[in-house]
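With compact mmCIF, C-alpha atoms and all ligand atoms inside, this is data13.txt:
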```txt
# COMPACT_ATOMS: atom_id res chain seq x y z
CA MET A 1 79.29 34.09 65.12
CA ASN A 2 78.34 30.79 66.81
CA THR A 3 75.76 30.96 69.57
CA ASP A 4 76.45 28.50 72.37
CA PRO A 5 73.17 26.73 73.27
CA ARG A 6 74.47 24.98 76.40
CA GLU A 7 72.77 27.40 78.83
CA SER A 8 69.35 26.58 77.31
CA LEU A 9 70.14 22.86 77.41
CA MET A 10 71.17 23.02 81.09
CA GLU A 11 68.02 24.93 82.02
CA ALA A 12 65.75 22.49 80.15
CA SER A 13 67.52 19.51 81.71
CA ARG A 14 67.04 20.91 85.25
CA GLN A 15 63.36 21.45 84.52
CA PHE A 16 62.83 17.94 83.06
CA TYR A 17 64.79 16.39 85.94
CA GLN A 18 62.52 18.13 88.45
CA LEU A 19 59.47 16.83 86.58
CA GLY A 20 60.84 13.28 86.84
CA TRP A 21 61.39 12.95 83.09
CA MET A 22 65.21 12.79 83.27
CA ALA A 23 65.67 10.78 86.46
CA GLY A 24 69.30 10.06 87.29
CA THR A 25 71.29 10.04 84.05
CA ALA A 26 68.30 9.35 81.78
CA GLY A 27 67.72 11.31 78.59
CA ASN A 28 69.88 13.49 76.37
CA LEU A 29 69.51 16.96 74.87
CA SER A 30 71.19 18.59 71.89
CA ALA A 31 71.12 21.83 69.91
CA ARG A 32 72.84 22.86 66.71
CA VAL A 33 75.19 25.72 66.03
CA GLU A 34 75.64 27.65 62.79
CA ASP A 35 78.15 25.28 61.16
CA GLY A 36 75.64 22.40 61.43
CA SER A 37 77.43 20.63 64.28
CA PHE A 38 75.62 20.21 67.60
CA TRP A 39 76.26 20.34 71.34
CA ILE A 40 74.93 17.24 73.11
CA THR A 41 74.96 16.05 76.70
CA ALA A 42 77.95 13.82 77.43
CA SER A 43 77.03 10.23 78.30
CA GLY A 44 76.13 9.29 81.85
CA LYS A 45 75.86 12.78 83.37
CA GLN A 46 73.40 13.40 86.18
CA LYS A 47 70.71 15.43 84.44
CA GLY A 48 69.60 17.48 87.46
CA LYS A 49 72.85 19.42 87.75
CA LEU A 50 74.53 19.70 84.37
CA VAL A 51 77.32 22.24 83.96
CA ALA A 52 78.83 23.59 80.72
CA ASP A 53 81.62 20.99 80.89
CA ASP A 54 79.08 18.15 80.71
CA PHE A 55 78.64 18.47 76.94
CA VAL A 56 80.49 17.62 73.75
CA ARG A 57 80.18 19.11 70.29
CA VAL A 58 79.91 16.65 67.42
CA SER A 59 79.54 16.92 63.66
CA LEU A 60 76.50 15.72 61.76
CA THR A 61 78.49 12.59 60.92
CA GLY A 62 79.27 11.92 64.59
CA GLU A 63 82.87 13.17 64.70
CA LEU A 64 83.89 14.56 68.10
CA LEU A 65 84.81 18.24 67.52
CA GLU A 66 85.02 19.75 70.98
CA THR A 67 85.04 18.47 74.55
CA PRO A 68 85.54 20.77 77.55
CA ASN A 69 86.42 17.70 79.63
CA PRO A 70 88.67 15.10 77.92
CA GLU A 71 86.87 12.31 79.79
CA ASN A 72 83.51 13.14 78.22
CA LYS A 73 81.98 10.67 75.79
CA PRO A 74 79.09 11.69 73.51
CA SER A 75 75.65 10.48 74.62
CA ALA A 76 75.13 6.80 73.83
CA GLU A 77 72.14 7.97 71.78
CA THR A 78 73.98 10.54 69.65
CA SER A 79 73.19 8.56 66.48
CA ILE A 80 69.47 9.28 67.02
CA HIS A 81 70.14 13.03 67.17
CA GLN A 82 72.25 12.71 64.00
CA ALA A 83 69.36 10.90 62.28
CA ILE A 84 66.89 13.64 63.26
CA TYR A 85 69.14 16.50 62.12
CA SER A 86 69.85 14.66 58.86
CA CYS A 87 66.14 14.08 58.17
CA PHE A 88 64.96 17.57 59.16
CA ALA A 89 67.35 20.28 57.97
CA GLU A 90 65.35 22.98 59.80
CA ALA A 91 65.63 21.24 63.20
CA ARG A 92 67.86 23.17 65.62
CA ALA A 93 67.23 21.20 68.82
CA CYS A 94 66.48 17.57 69.66
CA TYR A 95 65.38 16.51 73.16
CA HIS A 96 64.96 12.98 74.51
CA VAL A 97 63.41 12.25 77.92
CA HIS A 98 62.25 9.17 79.85
CA SER A 99 58.88 9.64 81.57
CA VAL A 100 56.86 6.78 83.04
CA GLU A 101 53.87 7.69 80.83
CA ALA A 102 55.90 7.69 77.58
CA LYS A 103 56.89 4.09 78.33
CA LEU A 104 53.36 3.06 79.33
CA VAL A 105 51.70 4.36 76.16
CA THR A 106 54.00 2.32 73.93
CA ASN A 107 52.46 -0.80 75.47
CA LEU A 108 49.00 0.19 74.25
CA VAL A 109 49.87 -0.51 70.59
CA GLU A 110 51.54 -3.41 68.85
CA GLY A 111 52.24 -1.63 65.58
CA GLU A 112 54.56 1.15 64.52
CA LYS A 113 52.37 4.12 65.48
CA LEU A 114 50.43 5.41 68.45
CA PRO A 115 47.05 7.08 67.79
CA LEU A 116 46.88 10.46 69.53
CA PRO A 117 43.70 11.89 71.06
CA PRO A 118 42.06 14.73 69.06
CA ILE A 119 42.79 17.33 71.72
CA GLU A 120 43.63 21.00 71.47
CA MET A 121 47.24 20.44 72.57
CA LEU A 122 48.01 18.97 69.13
CA LYS A 123 48.08 22.51 67.77
CA GLY A 124 51.29 23.02 69.73
CA LEU A 125 52.76 20.15 67.70
CA GLY A 126 51.68 21.77 64.43
CA VAL A 127 48.34 19.99 63.84
CA TRP A 128 45.62 22.58 63.09
CA GLU A 129 42.65 20.44 62.06
CA GLU A 130 39.22 19.74 63.44
CA ASN A 131 39.02 16.21 64.91
CA PRO A 132 42.45 15.28 63.55
CA GLN A 133 43.54 11.68 63.10
CA VAL A 134 47.13 11.82 64.17
CA PHE A 135 49.69 9.12 64.92
CA MET A 136 53.07 9.29 66.63
CA PRO A 137 55.72 6.93 65.19
CA VAL A 138 56.88 4.12 67.51
CA PHE A 139 60.23 2.36 67.10
CA HIS A 140 61.63 -0.88 68.50
CA ASN A 141 64.11 -0.38 71.35
CA HIS A 142 67.10 -2.21 69.87
CA LEU A 143 70.04 -2.68 72.25
CA GLN A 144 72.27 -1.33 69.47
CA VAL A 145 71.23 2.36 69.36
CA PRO A 146 72.58 2.94 65.80
CA LYS A 147 70.05 0.33 64.66
CA ILE A 148 67.23 2.45 66.14
CA ALA A 149 68.74 5.50 64.42
CA GLN A 150 68.87 3.67 61.08
CA GLU A 151 65.23 2.63 61.36
CA ILE A 152 64.24 6.23 62.21
CA SER A 153 66.15 7.52 59.21
CA ASP A 154 64.72 4.86 56.85
CA ARG A 155 61.14 5.39 57.96
CA PHE A 156 61.27 9.20 57.93
CA HIS A 157 62.77 9.21 54.44
CA ARG A 158 59.80 7.11 53.29
CA GLU A 159 57.14 8.98 55.25
CA THR A 160 57.17 12.39 57.00
CA PRO A 161 55.79 12.09 60.54
CA GLN A 162 52.64 14.10 61.35
CA VAL A 163 54.19 15.48 64.53
CA PRO A 164 57.82 16.36 65.40
CA ALA A 165 58.11 13.52 67.91
CA LEU A 166 58.75 9.79 68.06
CA LEU A 167 58.56 7.10 70.72
CA ILE A 168 60.95 4.26 71.39
CA ARG A 169 59.13 1.33 72.93
CA ASN A 170 59.50 1.12 76.73
CA HIS A 171 62.17 3.81 76.53
CA GLY A 172 60.99 7.40 75.98
CA VAL A 173 60.10 10.20 73.62
CA THR A 174 62.36 12.21 71.28
CA VAL A 175 61.17 15.58 69.93
CA TRP A 176 62.74 18.14 67.62
CA ALA A 177 62.08 21.79 66.78
CA ASN A 178 63.57 24.83 65.10
CA SER A 179 64.68 26.30 68.45
CA ALA A 180 65.59 25.10 71.93
CA ALA A 181 62.58 26.94 73.41
CA GLU A 182 60.24 25.23 70.96
CA ALA A 183 61.78 21.80 71.69
CA GLU A 184 61.05 22.38 75.40
CA ASN A 185 57.41 23.12 74.48
CA HIS A 186 57.24 20.00 72.37
CA VAL A 187 58.44 17.82 75.24
CA GLU A 188 55.85 19.35 77.59
CA LEU A 189 53.04 18.92 75.04
CA ALA A 190 54.00 15.35 74.20
CA GLU A 191 54.17 14.45 77.88
CA TYR A 192 50.75 16.08 78.49
CA ILE A 193 49.32 13.96 75.66
CA PHE A 194 50.82 10.77 77.14
CA ARG A 195 49.29 11.58 80.56
CA TYR A 196 45.95 12.18 78.83
CA ILE A 197 46.16 8.81 77.03
CA VAL A 198 46.93 6.97 80.27
CA ALA A 199 44.12 8.80 82.12
CA ALA A 200 41.64 8.22 79.24
CA ARG A 201 42.38 4.49 79.43
CA GLN A 202 41.74 4.47 83.16
CA VAL A 203 38.25 6.01 82.76
CA GLY A 204 37.42 3.98 79.64
CA ILE A 205 37.48 6.81 77.06
CA LYS A 206 38.27 5.59 73.51
CA PHE A 207 39.43 7.79 70.64
C1 LIG B 301 69.84 5.40 82.64
S1 LIG B 301 69.25 5.81 81.06
C2 LIG B 301 69.96 4.65 79.92
C3 LIG B 301 70.54 5.30 78.67
C4 LIG B 301 69.53 6.19 78.02
O1 LIG B 301 68.50 5.72 77.52
C5 LIG B 301 69.66 7.63 78.04
O2 LIG B 301 68.77 8.33 77.59
C6 LIG B 301 70.88 8.30 78.60
O3 LIG B 301 72.02 7.93 77.89
P1 LIG B 301 73.28 8.96 77.80
O4 LIG B 301 74.39 8.15 77.21
O5 LIG B 301 72.83 10.09 76.93
O6 LIG B 301 73.57 9.45 79.19
ZN ZN B 302 67.23 7.20 76.42
```

Translate the structure of the given file into structure tokens.
Ligand SMILES: CSCCC(=O)C(=O)COP(=O)(O)O
Ligand SMILES: [Zn+2]
Amino acid sequence: MNTDPRESLMEASRQFYQLGWMAGTAGNLSARVEDGSFWITASGKQKGKLVADDFVRVSLTGELLETPNPENKPSAETSIHQAIYSCFAEARACYHVHSVEAKLVTNLVEGEKLPLPPIEMLKGLGVWEENPQVFMPVFHNHLQVPKIAQEISDRFHRETPQVPALLIRNHGVTVWANSAAEAENHVELAEYIFRYIVAARQVGIKF
């Protein structure tokens, strides 16, 4: 039996919208069903008041399988969700949001990875080490989204990221997890870490 994840996606979207992380139509959320396909927000929907018709179901190869409203188009960033589900077979949900802090922190590094502070919150992202040296992957914000997706796929096939999250420069964060509830946690933890990085900069703390 297929479990429909849209209720969880709508609830998370409302919460992120209220926090200012999915302002207007920004961001996209998806979750998989048993056959490997996934429900994803349709493109251009206002993220504060999503309803069940504001989604589409697509296959892992991007084929449109189900649309409650024939006018719906899959999120413009569907290829990134496909790349994540293809790289991480255990991932069941993939959430992408646009906070101010996620954009700011990508301007603090020129390279392909952002050093994260060695704070307790990293445990929530799976890092259980004392004074860990952890980096979050950063990708170029190509206008052609499939190009971003290809670079994600290429890099993650070469090197497994230390945390289930990535940043797109001046754009936002994408997280994944083995459940919708866990993906919501990952967004909150990642956003806490970005706020910490911005605040640490302001008071001159280096890590
Ligand atoms: C106003 S946000 C610009 C597009 C974007 O980055 C995004 O996350 C939302 O795109 P979608 O097609 O999923 O609505
Ligand atoms: Zn986006």

Exercise answer, 9 Å around ligand ZN 302 (chain B) with only C-alpha atoms and all ligand atoms, as a ChimeraX atom specification | /A:26-28,76-77,96-98,168,171-174

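Between ligand LIG 301 (chain B) and the candidates A:Gln144, A:Ser99, A:Ser43, A:Gln202, the tightest atom-to-atom separation, counting all atoms listed in the file, involves A:Ser43.
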
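If all atoms listed in the file are the atoms counted, then among A:Asp54, A:Glu110, A:Glu101, A:Glu159 the closest residue to ligand LIG 301 (chain B) is A:Asp54.
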
Spatial neighbours of Ala190 of chain A, 12 Å, only C-alpha atoms, chain gap at least 5 places, as a PyMOL selection string | chain A and resi 21+95-99+101-102+105+116-117+119+121-126+135-136+163-167+172-176+183-185+195-197

Those same residues, written as a tab-separated table (two decimals), keeping the file's coordinate frame with C-alpha atoms?
```
chain	number	residue	atom	x	y	z
A	21	TRP	CA	61.39	12.95	83.09
A	95	TYR	CA	65.38	16.51	73.16
A	96	HIS	CA	64.96	12.98	74.51
A	97	VAL	CA	63.41	12.25	77.92
A	98	HIS	CA	62.25	9.17	79.85
A	99	SER	CA	58.88	9.64	81.57
A	101	GLU	CA	53.87	7.69	80.83
A	102	ALA	CA	55.90	7.69	77.58
A	105	VAL	CA	51.70	4.36	76.16
A	116	LEU	CA	46.88	10.46	69.53
A	117	PRO	CA	43.70	11.89	71.06
A	119	ILE	CA	42.79	17.33	71.72
A	121	MET	CA	47.24	20.44	72.57
A	122	LEU	CA	48.01	18.97	69.13
A	123	LYS	CA	48.08	22.51	67.77
A	124	GLY	CA	51.29	23.02	69.73
A	125	LEU	CA	52.76	20.15	67.70
A	126	GLY	CA	51.68	21.77	64.43
A	135	PHE	CA	49.69	9.12	64.92
A	136	MET	CA	53.07	9.29	66.63
A	163	VAL	CA	54.19	15.48	64.53
A	164	PRO	CA	57.82	16.36	65.40
A	165	ALA	CA	58.11	13.52	67.91
A	166	LEU	CA	58.75	9.79	68.06
A	167	LEU	CA	58.56	7.10	70.72
A	172	GLY	CA	60.99	7.40	75.98
A	173	VAL	CA	60.10	10.20	73.62
A	174	THR	CA	62.36	12.21	71.28
A	175	VAL	CA	61.17	15.58	69.93
A	176	TRP	CA	62.74	18.14	67.62
A	183	ALA	CA	61.78	21.80	71.69
A	184	GLU	CA	61.05	22.38	75.40
A	185	ASN	CA	57.41	23.12	74.48
A	195	ARG	CA	49.29	11.58	80.56
A	196	TYR	CA	45.95	12.18	78.83
A	197	ILE	CA	46.16	8.81	77.03
```

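Each of A:Ala42, A:Ile152, A:Val109, A:Val187 was checked against Thr67 of chain A using all atoms listed in the file; the smallest atom-to-atom distance is that of A:Ala42.
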
Using all atoms listed in the file, which residues sit within 8 Å of segment 87-94 of chain A once same-chain residues fewer than 2 positions away are excluded, as a list in words?
-> Leu29, Ser30, Ala31, Arg32, Val33, His81, Ala83, Ile84, Tyr85, His96, Ser153, Phe156, His157, Thr174, Val175, Trp176, Ala177, Asn178, Ser179, Ala180 and Ala183 of chain A

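Of the listed residues (A:Pro74, A:Gly48, A:Gly20, A:Pro68), A:Pro74 comes nearest to ligand LIG 301 (chain B); the distances count all atoms listed in the file.
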
Contacts of Tyr17 of chain A within 8 Å, only C-alpha atoms, excl. fewer than 6 positions in-chain, as a VMD selection string | chain A and resid 23 to 24 47 to 48

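Of the listed residues (A:Arg158, A:Val56, A:Lys103, A:Val127), A:Lys103 comes nearest to Asn141 of chain A; the distances count all atoms listed in the file.
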
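The smallest atom-to-atom distance between ligand LIG 301 (chain B) and any of A:Gln46, A:Ser8, A:Thr106, A:Gln162, using all atoms listed in the file, is found for A:Gln46.
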
Box in all listed atoms of ligand LIG 301 (chain B), axis-aligned, with 3 Å more on each side; write out centre and edge lengths in Å to one decimal as lines of an AutoDock Vina configuration file.
```
center_x = 71.4
center_y = 7.4
center_z = 79.8
size_x = 11.9
size_y = 11.4
size_z = 11.7
```

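One finds atom CA of Lys49 of chain A at 6.5 Å from atom CA of Arg14 of chain A.
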
Identify, on the basis of all atoms listed in the file, every residue whose closest approach to Leu64 of chain A does not exceed 10 Å; exclude the query and any residue fewer than 4 positions from it along the same chain; express the result as a ChimeraX atom specification.
-> /A:37,56-60,73-74

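Interatomic distance, atom CA of Lys147 of chain A against atom O6 of ligand LIG 301 (chain B): 17.5 Å.
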
Output: segment 93-105 of chain A of the preceding structure, restricted to N, CA and C atoms, written as a CSV table (one decimal), in the first residue's frame.
```csv
chain,number,residue,atom,x,y,z
A,93,ALA,N,12.9,11.6,1.8
A,93,ALA,CA,12.4,13.0,1.7
A,93,ALA,C,13.6,13.9,1.4
A,94,CYS,N,13.3,14.9,0.6
A,94,CYS,CA,14.3,15.9,0.2
A,94,CYS,C,13.7,17.3,0.3
A,95,TYR,N,14.2,18.2,1.1
A,95,TYR,CA,13.6,19.5,1.3
A,95,TYR,C,14.6,20.6,0.9
A,96,HIS,N,14.1,21.6,0.2
A,96,HIS,CA,15.0,22.7,-0.2
A,96,HIS,C,14.3,24.0,0.2
A,97,VAL,N,15.0,24.8,1.0
A,97,VAL,CA,14.4,26.1,1.4
A,97,VAL,C,15.4,27.3,1.1
A,98,HIS,N,14.9,28.5,1.2
A,98,HIS,CA,15.7,29.7,0.9
A,98,HIS,C,15.8,30.7,2.1
A,99,SER,N,16.6,30.4,3.0
A,99,SER,CA,16.7,31.4,4.1
A,99,SER,C,17.7,32.5,3.7
A,100,VAL,N,17.7,33.6,4.4
A,100,VAL,CA,18.7,34.7,4.2
A,100,VAL,C,20.1,34.2,4.6
A,101,GLU,N,20.1,33.5,5.7
A,101,GLU,CA,21.4,33.1,6.3
A,101,GLU,C,22.1,32.0,5.4
A,102,ALA,N,21.3,31.1,4.8
A,102,ALA,CA,21.9,30.1,3.9
A,102,ALA,C,22.6,30.8,2.7
A,103,LYS,N,22.0,31.9,2.3
A,103,LYS,CA,22.7,32.6,1.1
A,103,LYS,C,23.9,33.3,1.6
A,104,LEU,N,23.8,34.0,2.8
A,104,LEU,CA,24.9,34.7,3.3
A,104,LEU,C,26.2,33.8,3.5
A,105,VAL,N,26.0,32.6,4.1
A,105,VAL,CA,27.1,31.8,4.5
A,105,VAL,C,27.9,31.3,3.2
```
